[in-house]
Structures are given as C-alpha cells and as structure tokens.
Amino acid sequence: MVSNININRRKLLTFSSAAIAGLSINQFLSKAYAQEVQNTVSYNLPMLDKVVTPDVNNPVRLNFNENALGMSPNAKQAAINAVPKANRYAKAEMPLLNKRLAKHHNVDESQILLTAGSSEGIRSAIAAYVKPDTQFVIPELTYGDGEHFAKIFNLHISKVPSLPDWQIDLKGLQKVVENYKGPSIVYLVNPNNPTSTVFATKEIESWIKSKPKNTIFIIDEAYAEFVNDPAYKSVDYLIAQGCENIILLKTFSKIHAMAGLRVGYAVSSVENIENITRYVAGEKLNYCGVCAALTSMDDQAFLTYSKKAVDVSRQIMENVLSDLGLHYLKSETNFMFHKSPIDLKAYRELMKNNFILIGRDFPPATEWCRISLGTPGEMLYVANIMRGLKEKGKI
C-alpha cells in the first residue's frame with residue numbers, strides 16, 4: 001500500500017552526495033533539486049543516486065525512450081499476481097480499466113477504446129478514416145509510426161517543413177489542409193518525438209474548433225505526463241466539451257514504465273470510437289498489462305516520483321550539454337534532442353565504446369542526436385563520460 005501523502009508538504013526525492021567517478025550529484029543539480037529528498041512511500045523505491053557501473057553486457061540504454069526506473073512496485077506485483085490467470089482473456093479487467101480511464105479524462109466510458117500500446121491506436125485510427133484521395137498531414141520531423149501506417153494504406157503524405165530548431169509549423173500544416181480538396185488526416189505528436197518539444201494547446205485549439213471540412217485530428221500524447229510547460233495541456237478537455245474531430249492517443253509505456261506490456265488507449269467521440277473499434281483486436285490485450293495498468297493509475301506517489309526522476313535526469317543532461325557548448329532543444333519529455341558534437345555515426349560508436357547506447361538517425365535532422373533520459377545515477381555516468389571525452393578532444 002502507498003501511504004497517504006501530501007506531495008506539496010513533503011519533499012519527494014532525497015539525494016545524498018553519491019560519488020560517481022569522483023563527482024557528486026550536487027555538482028550537476030540546481031539548488032532546488034539538490035535540496036529534495038526521497039522516502040515518501042511505504043515500499044522501497046529505486047535509489048536515484050545509485051552508482052552505475054555499466055559494461056558491454058549491461059550498457060546504459062538511452063536509445064528507445066524507455067522509463068529506466070521500471071514500473072511501480074505495486075503495478076509490478078499486480079502483473080505477477082495476474083500470471084496464473086494469464087491463460088484467460090482479461091474480459092473482466094478491461095471494463096474496469098476502461099471505466100477508470102473515462103473518469104480520468106472526464107468522458108463517458110463509450111469514449112474510451114483500449115489498444116495494444118499506442119502503435120495499434122495509430123494504425124487503427126488511420127485505418128478507420130482511409131478514403132479515396134485522403135492526405136496524411138505531418139510535420140517534417142515527428143514520430144515515424146504515423147507515416148509508416150499511412151504508406152501501408154497508400155495515403156498521400158504531405159510533410160510540412162519545420163521552423164528553426166525543428167519547431168512544428170502549425171500555420172503551415174493548416175494551410176496544407178485548406179489547400180487540399182479531399183479529406184485530410186492530421187497527425188500531431190505533442191510533445192513531439194524526436195525533438196522533445198511542445199506547442200501550446202491554444203495554438204491548435206482554434207484550428208480544431210473551426211472544424212475544417214473532411215479533417216480528422218489524431219493527437220498523440222505519449223509523453224504528456226512529463227511536461228512542465230504551463231502553456232501545455234492535453235486536448236482531452238476538447239473531447240469532453242464535444243469536439244468530434246479529435247482522436248487522442250495515450251499509452252502506459254512512458255510515465256508508467258510499461259513499454260513491454262503494450263497497453264494504450266484512444267479517447268474520442270462515441271462515433272469515432274465505434275469506427276476505430278472495427279480495426280483493433282478487441283479484448284485481446286495483455287492480461288498482465290491490464291492488471292498492472294489498473295494498479296499503476298492509482299499509484300500517484302510513484303507517478304510523481306517517476307516524473308521527478310526524469311526532471312532530475314534532464315537537469316543533469318542540460319548542465320553537461322551547456323558546459324560542453326552543445327546546442328539542445330528545451331525538453332518536455334524523458335529524452336533530449338541535441339546537436340551532435342561529431343559525425344552522428346561516430347558519436348554513437350564512441351558512446352557505445354563507453355557502454356552508452358544513444359538514438360538512431362532521424363532524417364532530415366542528420367546532425368542531431370536523440371538521447372533518452374535514464375535514472376539520475378545513469379545520467380551522472382553519462383555526464384562524466386562526456387566530460388572526459390571532451391577533455392580528450394574526442395567530442
């Protein structure tokens with residue numbers, strides 16, 4: 001059980017001055033972070049300042065935007081407890097999760113559709129709105145699954161060039177839709193991947209509310225729970241208000257740290273959900289994943305802890321990138337996008353030789369690197385390695 005805590009009155013994370021290669025965590029954190037301390041729940045959480053000593057068999061994995069903390073201990077136990085029943089379908093548990101999610105988003109239960117991760121949500125949402133001459137509208141640099149499935153469905157893909165620093169050109173996207181005579185599917189990832197940036201919800205609200213003809217908006221908010229920018233909020237309130245041209249996609253892969261259990265969902269109008277339902281596997285979700293998701297949603301202490309761990313890791317990475325003079329974009333996610341100090345392939349190999357795995361290529365941003373945020377202890381190791389490589393003139 002999680003103890004009944006007041007997050008505003010109790011400090012969330014405790015950091016001793018754990019030494020990693022002669023460096024203390026306080027050298028990397030702002031004063032605000034350095035004062036915070038852990039011990040807020042009744043179970044044992046991972047120590048965020050634990051010394052990390054990776055090797056070739058156990059590298060620091062910063063290449064897939066996974067949550068390095070692992071899932072809530074309570075959720076993990078729920079998944080373990082579900083294993084003996086995993087020969088059955090989760091027919092009793094899925095409606096419970098559906099009800100819990102509907103309450104969370106302030107919509108009716110008929111406006112929620114469970115999917116096997118957000119990828120199934122992307123595929124099925126696109127499939128439900130494929131018509132002759134449909135165009136799929138996306139920013140130049142964004143998460144690739146949307147374009148991948150659009151190509152499978154033979155959609156016309158319209159990419160809108162990015163603004164400086166890979167910012168999404170919302171006005172450019174709107175113009176593409178206005179100038180097209182056929183139906184449009186607009187796919188937006190906010191926060192965006194791989195750039196780690198957000199756009200303010202008000203910047204798209206008026207466009208959605210204008211109800212452009214034959215246009216459906218698919219809004220992917222996989223990383224929303226990590227955002228600190230006060231100008232950002234989920235579009236779920238627009239759906240609750242009755243906007244029928246939005247499909248919101250969510251996942252338990254990131255803040256809940258359940259990437260391998262494949263639990264996601266869509267939020268939309270009743271009619272949209274009915275359309276999308278025809279293209280999903282229905283009740284065929286991961287039994288253990290559904291049980292873990294139910295438990296994780298109620299473990300607010302862990303979710304707060306998970307976000308704070310990412311905040312601290314981000315601060316460590318921002319500090320080292322600034323010290324090394326490497327340009328980076330303001331991150332609102334559990335990863336960062338920064339200018340590569342050398343050729344990206346060589347940079348990846350150099351980091352790999354030091355037991356650190358970083359992101360793949362993201363064309364056309366061929367001079368940029370996406371690096372996921374591990375635990376603070378892992379990021380201390382990464383920062384120390386990067387400083388050492390700089391001192392040796394390798395980056």
# chains A, B, ... in the order shown; residues from 1 in each chain; ligands from 1
$ select_by_dssp --residues "stretch 211-320 of chain A" --states "strand (DSSP E)" --output "NGL selection string"
:A and (215-220 or 246-251 or 264-267)
$ write_last_selection --atoms "C-alpha atoms" --output "PDB file, in the first residue's frame"
ATOM      1  CA  THR A 215     -10.490  16.645 -41.484  1.00  0.00           C
ATOM      2  CA  ILE A 216      -9.739  14.409 -38.504  1.00  0.00           C
ATOM      3  CA  PHE A 217      -7.012  15.215 -35.976  1.00  0.00           C
ATOM      4  CA  ILE A 218      -5.024  12.377 -34.415  1.00  0.00           C
ATOM      5  CA  ILE A 219      -3.206  13.777 -31.385  1.00  0.00           C
ATOM      6  CA  ASP A 220      -0.546  11.501 -29.896  1.00  0.00           C
ATOM      7  CA  ILE A 246     -10.170  14.626 -32.438  1.00  0.00           C
ATOM      8  CA  ILE A 247      -8.762  11.200 -31.664  1.00  0.00           C
ATOM      9  CA  LEU A 248      -6.476  11.358 -28.633  1.00  0.00           C
ATOM     10  CA  LEU A 249      -3.950   8.529 -28.270  1.00  0.00           C
ATOM     11  CA  LYS A 250      -2.358   7.646 -24.939  1.00  0.00           C
ATOM     12  CA  THR A 251      -0.020   4.939 -23.653  1.00  0.00           C
ATOM     13  CA  GLY A 264      -2.603   2.009 -24.706  1.00  0.00           C
ATOM     14  CA  TYR A 265      -5.938   3.613 -25.470  1.00  0.00           C
ATOM     15  CA  ALA A 266      -7.837   6.124 -27.574  1.00  0.00           C
ATOM     16  CA  VAL A 267     -10.179   8.869 -26.375  1.00  0.00           C
TER      17      VAL A 267
END
$ residues_around --residues "A:Val56" --least-positions-apart "5" --cutoff "12 Å" --atoms "only C-alpha atoms" --output "PyMOL selection string"
chain A and resi 61+351-357
$ closest_residue --among "A:Ala79, A:Met71, A:Leu285, A:Leu163" --to "A:Gly117" --atoms "only C-alpha atoms"
A:Leu285
$ atom_distance --atom1 "atom CA of A:Arg262" --atom2 "atom CA of A:Leu113"
13.9 Å
$ residues_around --residues "A:Glu140" --least-positions-apart "6" --cutoff "7 Å" --atoms "only C-alpha atoms" --output "list in words"
Lys159, Val160, Pro161 and Ser162 of chain A
$ write_last_selection --atoms "C-alpha atoms" --output "compact mmCIF listing (two decimals), in the first residue's frame"
# COMPACT_ATOMS: atom_id res chain seq x y z
CA LYS A 159 5.06 16.86 -45.00
CA VAL A 160 5.32 20.44 -43.78
CA PRO A 161 8.87 21.82 -43.36
CA SER A 162 9.93 22.69 -39.82
$ atom_distance --atom1 "atom CA of A:Ala116" --atom2 "atom CA of A:Ser184"
25.1 Å
$ residues_around --residues "stretch 390-393 of chain A" --least-positions-apart "3" --cutoff "10 Å" --atoms "only C-alpha atoms" --output "NGL selection string"
:A and (324 or 341 or 384-387)
